[in-house]
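So this block is final-v8.cif, mmCIF, C-alpha atoms and all ligand atoms:
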```cif
data_coords
loop_
_atom_site.label_atom_id
_atom_site.label_comp_id
_atom_site.auth_asym_id
_atom_site.auth_seq_id
_atom_site.Cartn_x
_atom_site.Cartn_y
_atom_site.Cartn_z
CA MET A 13 30.28 36.24 -24.81
CA ALA A 14 27.08 38.17 -25.47
CA ARG A 15 23.73 37.52 -27.13
CA LEU A 16 23.04 39.39 -30.36
CA LEU A 17 19.55 39.59 -31.77
CA LEU A 18 19.80 40.53 -35.44
CA GLY A 19 16.75 41.98 -37.20
CA VAL A 20 17.01 41.90 -40.97
CA SER A 21 14.64 44.08 -42.96
CA GLY A 22 14.13 44.26 -46.74
CA GLY A 23 16.87 45.65 -48.95
CA ILE A 24 19.70 44.64 -51.23
CA ALA A 25 22.13 44.95 -48.30
CA ALA A 26 20.35 42.10 -46.47
CA TYR A 27 22.99 39.70 -47.76
CA LYS A 28 25.55 41.54 -45.59
CA ALA A 29 23.61 40.40 -42.52
CA LEU A 30 25.13 36.97 -43.12
CA GLU A 31 28.59 38.44 -42.73
CA VAL A 32 27.57 40.16 -39.45
CA VAL A 33 26.41 36.79 -38.11
CA ARG A 34 29.63 35.15 -39.22
CA LEU A 35 31.76 37.75 -37.45
CA ALA A 36 29.68 37.56 -34.27
CA THR A 37 29.64 33.78 -34.00
CA LYS A 38 33.35 33.61 -34.80
CA ALA A 39 33.95 35.96 -31.85
CA GLY A 40 32.03 33.54 -29.59
CA HIS A 41 28.71 35.41 -29.37
CA ALA A 42 25.32 33.69 -29.51
CA VAL A 43 23.14 35.02 -32.32
CA ARG A 44 19.45 34.74 -33.17
CA ALA A 45 18.03 36.30 -36.34
CA ILE A 46 14.59 37.53 -37.28
CA GLN A 47 13.51 38.80 -40.68
CA THR A 48 10.73 40.92 -42.09
CA PRO A 49 8.70 39.16 -44.80
CA THR A 50 10.33 41.45 -47.42
CA ALA A 51 13.83 40.56 -46.21
CA GLN A 52 13.11 36.98 -47.21
CA ARG A 53 13.17 38.11 -50.83
CA PHE A 54 16.78 39.20 -50.41
CA VAL A 55 18.34 36.61 -48.10
CA GLY A 56 17.09 33.12 -47.29
CA ALA A 57 16.19 32.03 -43.76
CA ALA A 58 18.15 28.81 -44.40
CA SER A 59 21.40 30.79 -44.70
CA LEU A 60 20.79 32.76 -41.50
CA ALA A 61 19.73 29.56 -39.68
CA ALA A 62 22.85 27.72 -40.81
CA LEU A 63 25.15 30.51 -39.64
CA THR A 64 23.38 31.22 -36.33
CA GLY A 65 22.72 27.54 -35.55
CA ALA A 66 19.20 28.51 -34.49
CA PRO A 67 15.74 28.88 -36.03
CA VAL A 68 15.04 32.12 -37.92
CA LEU A 69 11.65 33.70 -37.33
CA VAL A 70 9.57 35.95 -39.53
CA GLY A 71 6.02 35.95 -38.18
CA GLU A 72 4.75 36.84 -34.73
CA PHE A 73 2.52 33.79 -34.63
CA GLU A 74 5.14 31.38 -35.89
CA ARG A 75 6.13 28.81 -33.28
CA ASP A 76 9.78 29.16 -32.26
CA PRO A 77 11.27 25.66 -31.91
CA ALA A 78 13.95 27.18 -29.62
CA ARG A 79 11.29 28.96 -27.50
CA GLY A 80 13.11 32.27 -27.48
CA ALA A 81 16.39 30.73 -26.26
CA PHE A 82 19.73 31.69 -27.79
CA PRO A 83 22.13 28.91 -28.86
CA ASP A 84 23.90 29.12 -25.46
CA GLN A 85 20.66 28.76 -23.50
CA GLU A 86 18.39 25.90 -22.48
CA PRO A 87 14.90 26.50 -23.94
CA PRO A 88 12.25 27.11 -21.25
CA SER A 89 9.59 24.45 -20.59
CA HIS A 90 6.79 26.67 -21.92
CA ASP A 91 6.20 28.42 -25.25
CA PRO A 92 6.86 32.13 -24.63
CA ALA A 93 5.88 34.99 -26.97
CA SER A 94 8.83 35.27 -29.36
CA HIS A 95 8.85 39.06 -29.65
CA LEU A 96 9.18 39.34 -25.85
CA GLU A 97 11.46 36.41 -25.12
CA LEU A 98 14.07 37.09 -27.82
CA VAL A 99 14.68 40.68 -26.73
CA ARG A 100 14.55 39.72 -23.09
CA ASN A 101 17.38 37.25 -23.64
CA ALA A 102 19.37 39.51 -25.99
CA ASP A 103 22.17 41.79 -24.79
CA ALA A 104 21.65 44.01 -27.84
CA TYR A 105 19.26 44.19 -30.78
CA LEU A 106 20.84 45.22 -34.07
CA ILE A 107 18.55 45.97 -37.00
CA ALA A 108 20.69 45.71 -40.12
CA PRO A 109 19.87 46.58 -42.76
CA ALA A 110 17.10 48.90 -41.61
CA SER A 111 14.97 50.00 -44.55
CA ALA A 112 13.31 53.44 -44.69
CA ASN A 113 9.97 51.74 -44.11
CA THR A 114 11.18 49.82 -41.03
CA ILE A 115 12.82 52.98 -39.64
CA ALA A 116 9.51 54.85 -40.03
CA LYS A 117 7.68 52.09 -38.18
CA LEU A 118 10.26 52.01 -35.39
CA ALA A 119 10.09 55.79 -35.00
CA HIS A 120 6.32 55.74 -34.63
CA GLY A 121 6.05 52.65 -32.46
CA LEU A 122 4.31 50.45 -35.04
CA ALA A 123 4.47 46.77 -34.25
CA ASP A 124 3.12 45.05 -37.35
CA ASN A 125 5.66 42.24 -37.63
CA LEU A 126 8.03 40.32 -35.41
CA LEU A 127 11.00 42.64 -36.04
CA THR A 128 9.10 45.82 -35.10
CA SER A 129 7.20 44.19 -32.19
CA ALA A 130 10.50 42.97 -30.76
CA ALA A 131 11.94 46.51 -31.06
CA LEU A 132 9.00 47.92 -29.14
CA ALA A 133 9.46 45.32 -26.41
CA ALA A 134 13.24 45.71 -26.21
CA THR A 135 14.80 46.95 -22.98
CA CYS A 136 18.31 46.04 -24.20
CA PRO A 137 20.29 48.51 -26.36
CA VAL A 138 18.80 48.88 -29.87
CA LEU A 139 21.01 49.70 -32.86
CA VAL A 140 19.72 50.64 -36.29
CA ALA A 141 21.86 50.45 -39.44
CA PRO A 142 20.02 52.21 -42.29
CA ALA A 143 20.52 51.14 -45.90
CA MET A 144 18.55 52.66 -48.75
CA ASN A 145 18.64 54.77 -51.88
CA ASN A 146 20.22 58.22 -51.38
CA HIS A 147 16.98 60.11 -52.10
CA MET A 148 15.11 58.02 -49.53
CA TRP A 149 17.96 58.63 -47.07
CA GLU A 150 17.91 62.39 -47.63
CA HIS A 151 14.13 62.67 -47.44
CA PRO A 152 13.08 64.86 -44.47
CA ALA A 153 10.72 62.11 -43.30
CA THR A 154 13.57 59.60 -42.96
CA GLN A 155 15.84 62.16 -41.28
CA ALA A 156 13.06 63.18 -38.85
CA ASN A 157 12.40 59.52 -38.03
CA LEU A 158 16.08 58.94 -37.32
CA SER A 159 16.27 62.03 -35.08
CA LEU A 160 13.31 60.69 -33.13
CA LEU A 161 15.00 57.32 -32.72
CA ARG A 162 18.27 58.93 -31.63
CA SER A 163 16.42 61.07 -29.07
CA ARG A 164 15.08 57.86 -27.56
CA GLY A 165 18.53 56.37 -27.12
CA VAL A 166 18.64 54.22 -30.25
CA THR A 167 22.13 54.03 -31.79
CA VAL A 168 22.02 54.89 -35.48
CA ILE A 169 24.96 53.44 -37.39
CA GLU A 170 25.39 55.92 -40.22
CA PRO A 171 25.33 54.61 -43.79
CA THR A 172 28.33 55.28 -45.98
CA THR A 173 28.63 57.16 -49.28
CA GLY A 174 29.48 55.45 -52.52
CA ALA A 175 28.01 53.51 -55.44
CA LEU A 176 24.44 52.40 -54.64
CA ALA A 177 22.60 49.29 -55.76
CA THR A 178 20.93 50.88 -58.76
CA LYS A 179 23.13 51.24 -61.83
CA ASN A 180 24.96 54.57 -62.01
CA GLU A 181 23.50 55.80 -58.70
CA TRP A 182 25.95 57.28 -56.25
CA GLY A 183 25.32 58.87 -52.86
CA THR A 184 24.75 58.22 -49.16
CA GLY A 185 22.72 55.18 -48.18
CA ARG A 186 25.07 52.19 -48.34
CA LEU A 187 24.92 49.96 -45.26
CA ALA A 188 27.87 50.69 -42.95
CA ASP A 189 30.81 48.30 -43.20
CA VAL A 190 30.11 44.94 -41.62
CA ALA A 191 33.13 45.36 -39.31
CA ASP A 192 31.68 48.69 -38.09
CA LEU A 193 28.29 47.08 -37.44
CA PHE A 194 29.94 44.37 -35.42
CA ALA A 195 32.07 46.86 -33.48
CA ALA A 196 28.96 48.94 -32.68
CA PHE A 197 27.21 45.82 -31.35
CA GLU A 198 30.17 44.91 -29.14
CA ALA A 199 30.42 48.50 -27.87
CA ALA A 200 26.72 48.42 -26.96
CA VAL A 201 27.36 45.40 -24.73
CA PRO A 202 30.21 46.32 -22.40
CA THR A 203 31.56 43.32 -20.54
CA GLY A 204 29.97 42.85 -17.17
CA ALA A 205 26.96 44.81 -18.36
CA ARG A 206 24.40 42.55 -16.76
CA PRO A 207 22.83 44.02 -13.64
CA TRP A 208 23.54 41.10 -11.32
CA ASP A 209 27.09 40.38 -12.46
CA GLY A 210 29.12 39.32 -9.44
CA LEU A 211 26.09 38.71 -7.22
CA ARG A 212 25.97 35.25 -5.61
CA VAL A 213 22.48 33.82 -5.38
CA LEU A 214 21.57 30.68 -3.45
CA VAL A 215 18.19 29.07 -4.22
CA THR A 216 16.58 26.04 -2.65
CA ALA A 217 14.02 24.19 -4.75
CA GLY A 218 11.81 21.11 -4.68
CA GLY A 219 10.51 19.10 -1.77
CA THR A 220 12.39 17.04 0.78
CA ARG A 221 11.73 13.32 1.32
CA GLU A 222 12.06 11.80 4.78
CA PRO A 223 12.62 8.05 4.74
CA ILE A 224 10.18 5.67 6.43
CA ASP A 225 12.21 2.67 5.27
CA ALA A 226 14.54 1.88 2.40
CA VAL A 227 11.87 2.51 -0.27
CA ARG A 228 9.16 4.70 1.30
CA TYR A 229 9.22 8.29 2.38
CA VAL A 230 7.17 11.17 3.74
CA GLY A 231 7.24 13.87 1.08
CA ASN A 232 5.29 16.69 -0.52
CA ARG A 233 4.08 17.72 -3.97
CA SER A 234 6.61 20.47 -4.68
CA SER A 235 8.06 20.06 -8.20
CA GLY A 236 10.86 22.62 -7.88
CA ARG A 237 9.54 24.68 -10.82
CA MET A 238 9.33 27.92 -8.84
CA GLY A 239 12.88 27.65 -7.48
CA PHE A 240 14.31 26.62 -10.85
CA ALA A 241 12.58 29.60 -12.48
CA VAL A 242 14.11 31.96 -9.89
CA ALA A 243 17.54 30.42 -10.53
CA GLU A 244 17.26 30.76 -14.31
CA GLU A 245 16.06 34.36 -14.11
CA ALA A 246 18.87 35.26 -11.70
CA ALA A 247 21.41 33.62 -14.04
CA ALA A 248 19.96 35.65 -16.94
CA LEU A 249 20.67 38.80 -14.91
CA GLY A 250 24.29 37.72 -14.66
CA ALA A 251 24.29 36.27 -11.12
CA GLU A 252 26.40 33.31 -10.05
CA VAL A 253 23.66 30.89 -9.02
CA THR A 254 23.69 27.72 -6.91
CA VAL A 255 20.54 25.66 -6.52
CA ILE A 256 20.11 23.17 -3.72
CA ALA A 257 17.65 20.84 -5.39
CA ALA A 258 15.55 18.50 -3.31
CA ASN A 259 14.27 15.74 -5.57
CA VAL A 260 13.71 17.85 -8.67
CA ALA A 261 13.27 16.13 -12.04
CA LEU A 262 13.39 19.18 -14.32
CA PRO A 263 15.80 20.25 -17.10
CA ARG A 264 18.89 22.05 -15.80
CA HIS A 265 20.33 25.36 -16.90
CA PRO A 266 23.92 25.03 -18.16
CA GLY A 267 25.02 28.21 -16.34
CA VAL A 268 23.71 27.21 -12.89
CA THR A 269 25.37 24.95 -10.28
CA TYR A 270 23.10 22.29 -8.78
CA VAL A 271 23.59 20.41 -5.51
CA ASP A 272 21.20 17.47 -5.14
CA VAL A 273 19.80 16.58 -1.74
CA GLU A 274 17.02 14.35 -0.52
CA THR A 275 16.17 15.03 3.11
CA ALA A 276 15.68 18.16 5.22
CA ALA A 277 18.92 17.36 7.07
CA GLU A 278 20.87 17.09 3.80
CA LEU A 279 19.29 20.34 2.61
CA ARG A 280 20.28 22.06 5.86
CA ASP A 281 23.90 20.84 5.55
CA ALA A 282 24.12 22.01 1.93
CA CYS A 283 22.60 25.39 2.86
CA VAL A 284 24.92 25.86 5.83
CA SER A 285 28.01 25.35 3.67
CA ALA A 286 26.82 27.69 0.89
CA PHE A 287 25.04 30.40 2.88
CA ALA A 288 27.94 32.45 4.23
CA SER A 289 29.23 33.24 0.75
CA CYS A 290 25.89 34.15 -0.84
CA ASP A 291 24.47 37.64 -1.22
CA VAL A 292 20.87 36.56 -1.82
CA LEU A 293 19.03 33.50 -0.51
CA VAL A 294 15.72 32.48 -2.05
CA MET A 295 14.31 29.64 0.03
CA SER A 296 11.59 28.17 -2.15
CA ALA A 297 12.03 24.51 -1.18
CA ALA A 298 9.20 22.82 0.66
CA VAL A 299 11.15 21.49 3.62
CA ALA A 300 9.59 18.79 5.79
CA ASP A 301 8.56 20.11 9.21
CA PHE A 302 8.46 16.55 10.57
CA ARG A 303 10.27 13.33 9.75
CA PRO A 304 9.85 9.72 10.90
CA ALA A 305 11.68 9.44 14.23
CA THR A 306 13.29 6.22 13.05
CA ALA A 307 13.83 5.07 9.50
CA HIS A 308 13.57 1.30 9.31
CA GLU A 309 16.45 -0.48 7.72
CA GLY A 310 15.41 -2.48 4.68
CA LYS A 311 11.76 -2.64 3.61
CA LEU A 312 8.92 -2.83 6.14
CA LYS A 313 6.83 -6.00 5.64
CA LYS A 314 3.04 -5.96 5.91
CA THR A 315 2.87 -9.52 7.26
CA ASP A 316 1.90 -9.78 10.95
CA ARG A 317 0.46 -6.25 11.12
CA ASP A 318 -2.94 -4.70 10.57
CA GLU A 319 -1.78 -1.16 11.07
CA LEU A 320 1.41 0.81 11.18
CA SER A 321 2.01 3.92 13.27
CA LEU A 322 4.65 6.41 12.35
CA VAL A 323 6.12 8.60 15.04
CA LEU A 324 7.24 11.90 13.52
CA GLU A 325 9.75 14.24 15.09
CA LYS A 326 10.25 17.90 14.30
CA THR A 327 12.99 18.90 11.88
CA GLU A 328 15.11 21.98 12.26
CA ASP A 329 13.78 25.16 10.65
CA VAL A 330 16.59 25.68 8.16
CA LEU A 331 15.67 29.22 7.16
CA SER A 332 15.39 30.50 10.74
CA GLY A 333 18.77 28.93 11.50
CA LEU A 334 20.39 30.64 8.51
CA ALA A 335 18.73 33.98 9.32
CA ALA A 336 20.19 33.80 12.83
CA SER A 337 23.71 33.84 11.35
CA ARG A 338 23.09 36.29 8.53
CA ARG A 339 25.21 39.25 7.56
CA PRO A 340 23.15 42.46 7.45
CA GLU A 341 23.88 43.01 3.75
CA GLN A 342 22.49 39.60 2.76
CA THR A 343 18.96 39.49 1.35
CA LEU A 344 16.77 36.62 2.56
CA VAL A 345 13.56 35.60 0.83
CA GLY A 346 11.31 32.93 2.30
CA PHE A 347 8.20 31.29 0.93
CA ALA A 348 4.93 30.61 2.65
CA ALA A 349 2.52 28.17 1.08
CA GLU A 350 -0.66 28.90 2.98
CA HIS A 351 -4.23 27.74 2.79
CA GLY A 352 -7.17 30.14 2.78
CA ALA A 353 -8.13 33.57 4.04
CA GLN A 354 -5.37 34.10 6.59
CA ALA A 355 -2.56 33.43 4.09
CA LEU A 356 -1.19 36.99 4.15
CA GLU A 357 -1.35 37.25 7.91
CA TYR A 358 0.71 34.05 8.21
CA GLY A 359 3.17 35.42 5.64
CA ARG A 360 3.68 38.65 7.60
CA ASP A 361 4.16 36.62 10.75
CA LYS A 362 6.88 34.54 9.02
CA LEU A 363 8.64 37.70 7.85
CA GLN A 364 8.97 38.84 11.46
CA ARG A 365 9.46 35.49 13.15
CA LYS A 366 12.11 34.17 10.75
CA GLY A 367 13.95 37.51 10.41
CA LEU A 368 13.52 37.79 6.60
CA ASP A 369 13.54 40.62 4.06
CA ALA A 370 10.67 39.24 1.99
CA VAL A 371 8.18 36.40 2.11
CA VAL A 372 6.48 35.12 -1.04
CA VAL A 373 3.02 34.03 -0.03
CA ASN A 374 0.84 31.83 -2.17
CA ASP A 375 -2.57 30.56 -1.28
CA VAL A 376 -2.39 26.91 -2.24
CA SER A 377 -6.14 26.47 -1.73
CA GLN A 378 -6.61 28.09 -5.18
CA PRO A 379 -6.74 25.68 -8.14
CA GLY A 380 -4.05 25.84 -10.87
CA ILE A 381 -1.30 27.61 -8.92
CA GLY A 382 1.43 26.74 -6.47
CA PHE A 383 2.56 23.16 -5.89
CA ASP A 384 3.31 21.15 -9.01
CA ALA A 385 1.59 23.74 -11.28
CA THR A 386 3.18 25.69 -14.14
CA ASP A 387 1.57 28.97 -13.01
CA ASN A 388 1.68 30.87 -9.77
CA GLU A 389 0.03 33.89 -8.21
CA VAL A 390 1.66 35.35 -5.13
CA THR A 391 1.86 38.30 -2.80
CA ILE A 392 5.35 39.45 -1.87
CA VAL A 393 5.36 40.68 1.71
CA THR A 394 8.13 43.03 2.85
CA ALA A 395 8.49 45.52 5.71
CA ALA A 396 7.46 48.23 3.20
CA GLY A 397 4.12 46.55 2.43
CA ASP A 398 2.50 43.91 0.25
CA ASP A 399 2.97 43.57 -3.50
CA ALA A 400 0.38 41.43 -5.32
CA VAL A 401 1.82 39.60 -8.35
CA PRO A 402 -0.98 38.52 -10.72
CA ARG A 403 -1.28 34.97 -11.99
CA GLY A 404 1.44 34.20 -14.52
CA THR A 405 4.08 31.66 -15.47
CA LYS A 406 6.60 30.84 -12.78
CA ALA A 407 9.23 32.68 -14.86
CA GLU A 408 7.11 35.84 -14.67
CA VAL A 409 6.60 35.44 -10.94
CA ALA A 410 10.34 34.77 -10.55
CA ARG A 411 11.07 38.08 -12.28
CA ALA A 412 8.75 39.90 -9.87
CA ILE A 413 10.53 38.27 -6.90
CA LEU A 414 13.94 39.31 -8.25
CA ALA A 415 12.67 42.86 -8.87
CA THR A 416 11.74 42.98 -5.18
CA VAL A 417 15.22 41.72 -4.24
CA ASP A 418 16.67 44.48 -6.41
CA ARG A 419 14.58 47.12 -4.63
CA LEU A 420 15.53 45.73 -1.22
CA ARG A 421 19.22 45.81 -2.10
CA SER A 422 19.20 49.32 -3.57
CA PRO A 423 16.58 51.34 -1.72
CA VAL A 424 15.53 54.65 -3.29
CA PRO A 425 17.38 57.42 -1.42
CA GLU A 426 15.15 59.50 0.81
CA ASP A 427 14.03 62.87 -0.56
CA VAL A 428 16.01 65.45 1.37
CA SER A 429 14.42 68.53 -0.25
N1 LIG A 501 11.47 26.18 5.94
C1 LIG A 501 12.71 25.78 6.38
N2 LIG A 501 12.84 24.68 7.18
C2 LIG A 501 11.78 23.99 7.56
C3 LIG A 501 10.49 24.40 7.13
C4 LIG A 501 10.38 25.50 6.31
O1 LIG A 501 13.70 26.41 6.03
N3 LIG A 501 11.93 22.93 8.31
C5 LIG A 501 11.38 27.38 5.08
C6 LIG A 501 10.71 27.15 3.75
O2 LIG A 501 11.66 26.86 2.75
C7 LIG A 501 10.02 28.48 3.47
C8 LIG A 501 9.71 29.00 4.84
O3 LIG A 501 10.56 28.30 5.75
O4 LIG A 501 10.86 29.39 2.81
C9 LIG A 501 8.30 28.82 5.28
O5 LIG A 501 7.94 27.49 5.20
P1 LIG A 501 6.52 26.98 5.73
O6 LIG A 501 6.50 25.50 5.75
O7 LIG A 501 5.43 27.70 5.01
O8 LIG A 501 6.55 27.61 7.17
P2 LIG A 501 6.76 27.06 8.58
O9 LIG A 501 7.62 28.01 9.30
O10 LIG A 501 7.22 25.65 8.54
O11 LIG A 501 5.31 27.21 9.21
P3 LIG A 501 3.98 26.37 9.05
O12 LIG A 501 4.34 25.08 8.40
O13 LIG A 501 3.52 26.23 10.44
O14 LIG A 501 3.10 27.25 8.23
#
```
Show me the file's structure as structure tokens.
Amino acid sequence: MARLLLGVSGGIAAYKALEVVRLATKAGHAVRAIQTPTAQRFVGAASLAALTGAPVLVGEFERDPARGAFPDQEPPSHDPASHLELVRNADAYLIAPASANTIAKLAHGLADNLLTSAALAATCPVLVAPAMNNHMWEHPATQANLSLLRSRGVTVIEPTTGALATKNEWGTGRLADVADLFAAFEAAVPTGARPWDGLRVLVTAGGTREPIDAVRYVGNRSSGRMGFAVAEEAAALGAEVTVIAANVALPRHPGVTYVDVETAAELRDACVSAFASCDVLVMSAAVADFRPATAHEGKLKKTDRDELSLVLEKTEDVLSGLAASRRPEQTLVGFAAEHGAQALEYGRDKLQRKGLDAVVVNDVSQPGIGFDATDNEVTIVTAAGDDAVPRGTKAEVARAILATVDRLRSPVPEDVS
């Protein structure tokens, strides 16, 4: 199963886009479609929406009810920019039919509508299937534009020769056969193409709760958003992801496995059983450092007391314990929620002390980031130095964390010249 983004530009052949969608969905792929305004004159959004089972977008400023998600994905909790999110989620972007005008824009990097903006933002394979009148096809401008696109790695699916749309016109410019378009898309997405296919990622998220009695607990304000974002981004890269979720009330990703825990001890047990088989551990949970030494059975009554003292005992440091039994090829990422000027210093200390590969430091004294916020701003500390990640959504910060994991796991070979 792969995700096909289909861009439909203006031309008589636009109706064949429906057949491409039908073939792709029949084969089990998830499809989203976008159209240029001119394409709407040739094929209706309602038809594409019915066949893809997802909203069809035309404008860059149009709100996407699916928030950039493909039919097999859970929409994110925020409204992302459609031209970025759709291509980020897609395994390949097929523009069919591609008019001479759209090809010219793609060749010169113009981004004046959603289809062309998405092409400029695409890091997935891009395929272009021209369809136009034979004179337009043969024009040196069109041929030069196509050469430019080919030189940049775009796959051009050659048009065929035959009767054209205009009466009595014959020549090259007919959109390639629908079956060939579909085959080109599938060839562009080899199975197992995602960079983290086969990688096992373990993420802890949320905040632990340590019982005082049957109804009260000592807890913290962690929502689990950061850890869930890391898990979703890792799953999007193809990883097999398990999240140990401590009291997280957020939507769940269908492709991720969740293990629910409540206390630090439960989190430790769940981590211990999953750790040995993971390749990457991202420990974003806020784990209690202390817990009530005794949890009262039933509910504590306030009668006969003017005050209540809680004796707290230290919990085990889960991450340090896991790091002590690590395999050298595992990658361990810790978090450090710190307060104020010495945040980075504390982060570097945790990197050393806990035996980690990276520590994500955030200064929780700053308003609007960190605990229970939708945004974050962090510095990723590794042995190679510090990497400041500017304020952004937790999905963006998650991507930066995973990029660091990638670098740590595949270091650039030393220059031997
Ligand atoms: N951590 C853990 N077990 C604990 C406490 C923390 O595994 N009992 C993990 C957290 O998930 C995080 C990292 O250790 O990835 C750092 O957590 P933090 O609370 O910032 O650090 P501590 O080592 O507890 O130090 P301090 O509270 O003194 O800053």
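Distances from A:Gln354, A:Ala415, A:Asp384, A:Gly397 to ligand LIG 501 (chain A) were compared using all atoms listed in the file, and the smallest one belongs to A:Gln354.
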Size and centre in Å, one decimal, axis-aligned box, all listed ligand LIG 501 (chain A) atoms plus 5 Å per side, as lines of an AutoDock Vina configuration file:
```
center_x = 8.4
center_y = 26.2
center_z = 6.6
size_x = 20.6
size_y = 16.5
size_z = 17.7
```
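Of the residues under consideration (A:Phe383, A:Tyr27, A:Phe347, A:Phe302), A:Phe347 shows the shortest atom-to-atom contact distance to ligand LIG 501 (chain A) when counting all atoms listed in the file.
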Name each residue within 7 Å of ligand LIG 501 (chain A), counting only C-alpha atoms and all ligand atoms, as a PDB file with C-alpha atoms, in the frame of the given file.
```pdb
ATOM      1  CA  ALA A 276      15.680  18.160   5.220  1.00  0.00           C
ATOM      2  CA  MET A 295      14.310  29.640   0.030  1.00  0.00           C
ATOM      3  CA  SER A 296      11.590  28.170  -2.150  1.00  0.00           C
ATOM      4  CA  ALA A 297      12.030  24.510  -1.180  1.00  0.00           C
ATOM      5  CA  ALA A 298       9.200  22.820   0.660  1.00  0.00           C
ATOM      6  CA  VAL A 299      11.150  21.490   3.620  1.00  0.00           C
ATOM      7  CA  ALA A 300       9.590  18.790   5.790  1.00  0.00           C
ATOM      8  CA  ASP A 301       8.560  20.110   9.210  1.00  0.00           C
ATOM      9  CA  THR A 327      12.990  18.900  11.880  1.00  0.00           C
ATOM     10  CA  GLU A 328      15.110  21.980  12.260  1.00  0.00           C
ATOM     11  CA  ASP A 329      13.780  25.160  10.650  1.00  0.00           C
ATOM     12  CA  VAL A 330      16.590  25.680   8.160  1.00  0.00           C
ATOM     13  CA  LEU A 331      15.670  29.220   7.160  1.00  0.00           C
ATOM     14  CA  SER A 332      15.390  30.500  10.740  1.00  0.00           C
ATOM     15  CA  GLY A 346      11.310  32.930   2.300  1.00  0.00           C
ATOM     16  CA  PHE A 347       8.200  31.290   0.930  1.00  0.00           C
ATOM     17  CA  ALA A 348       4.930  30.610   2.650  1.00  0.00           C
ATOM     18  CA  ALA A 349       2.520  28.170   1.080  1.00  0.00           C
ATOM     19  CA  GLU A 350      -0.660  28.900   2.980  1.00  0.00           C
ATOM     20  CA  LYS A 362       6.880  34.540   9.020  1.00  0.00           C
TER      21      LYS A 362
END
```
(request) Would you mind listing what lies within 8 Å of range 55-68 of chain A as a VMD selection string, with only C-alpha atoms counted and same-chain residues fewer than 5 positions away left out? (result) chain A and resid 26 to 27 30 33 to 34 37 42 to 47 76 to 78 82 to 83
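Using only C-alpha atoms, the smallest distance between any of A:Leu18, A:Ala370, A:Ala123, A:Ile256 and Val213 in chain A comes from A:Ile256.
Interatomic distance, CA of Arg162 in chain A against CA of Val20 in chain A: 19.5 Å.
Residues lying within 12 Å of (15.9, 46.5, -53.7). Counted over only C-alpha atoms, they are Ser21, Gly22, Gly23, Ile24, Ala25, Ala26, Tyr27, Thr50, Ala51, Gln52, Arg53, Phe54, Val55, Pro109, Ser111, Ala112, Ala143, Met144, Asn145, Leu176, Ala177, Thr178 and Lys179 of chain A.
Shortest atom-to-atom contact with Val166 in chain A among A:Asn146, A:Ala200, A:Gly219, A:Ala191: A:Ala200, counting all atoms listed in the file.
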(request) Rank nothing, just name the residue among A:Ala156, A:Ala335, A:Val294, A:Val32 nearest to Phe197 in chain A, using all atoms listed in the file. (result) A:Val32
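Of the listed residues (A:Val376, A:Asn113, A:Ala282, A:Asn101), A:Asn113 comes nearest to Ala153 in chain A; the distances count only C-alpha atoms.
One distance worth recording is that between CA of Glu244 in chain A and CA of Leu420 in chain A, which is 20.0 Å.
Here CA of Lys326 in chain A and CA of Leu368 in chain A stand 21.6 Å from one another.
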(message) Can you tell me which residues surround Ala305 in chain A at a distance of at most 12 Å, considering all atoms listed in the file, apart from same-chain residues fewer than 2 positions away, and format the answer as a PyMOL selection string?
(response) chain A and resi 222-225+230+302-303+307-308+321-327
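Residues near the point (8.0, 11.1, -1.8), at a distance of 10 Å or less over all atoms listed in the file, make up A:Gly219, A:Thr220, A:Arg221, A:Glu222, A:Pro223, A:Val227, A:Arg228, A:Tyr229, A:Val230, A:Gly231, A:Asn232, A:Arg233, A:Ser234, A:Asn259, A:Glu274.
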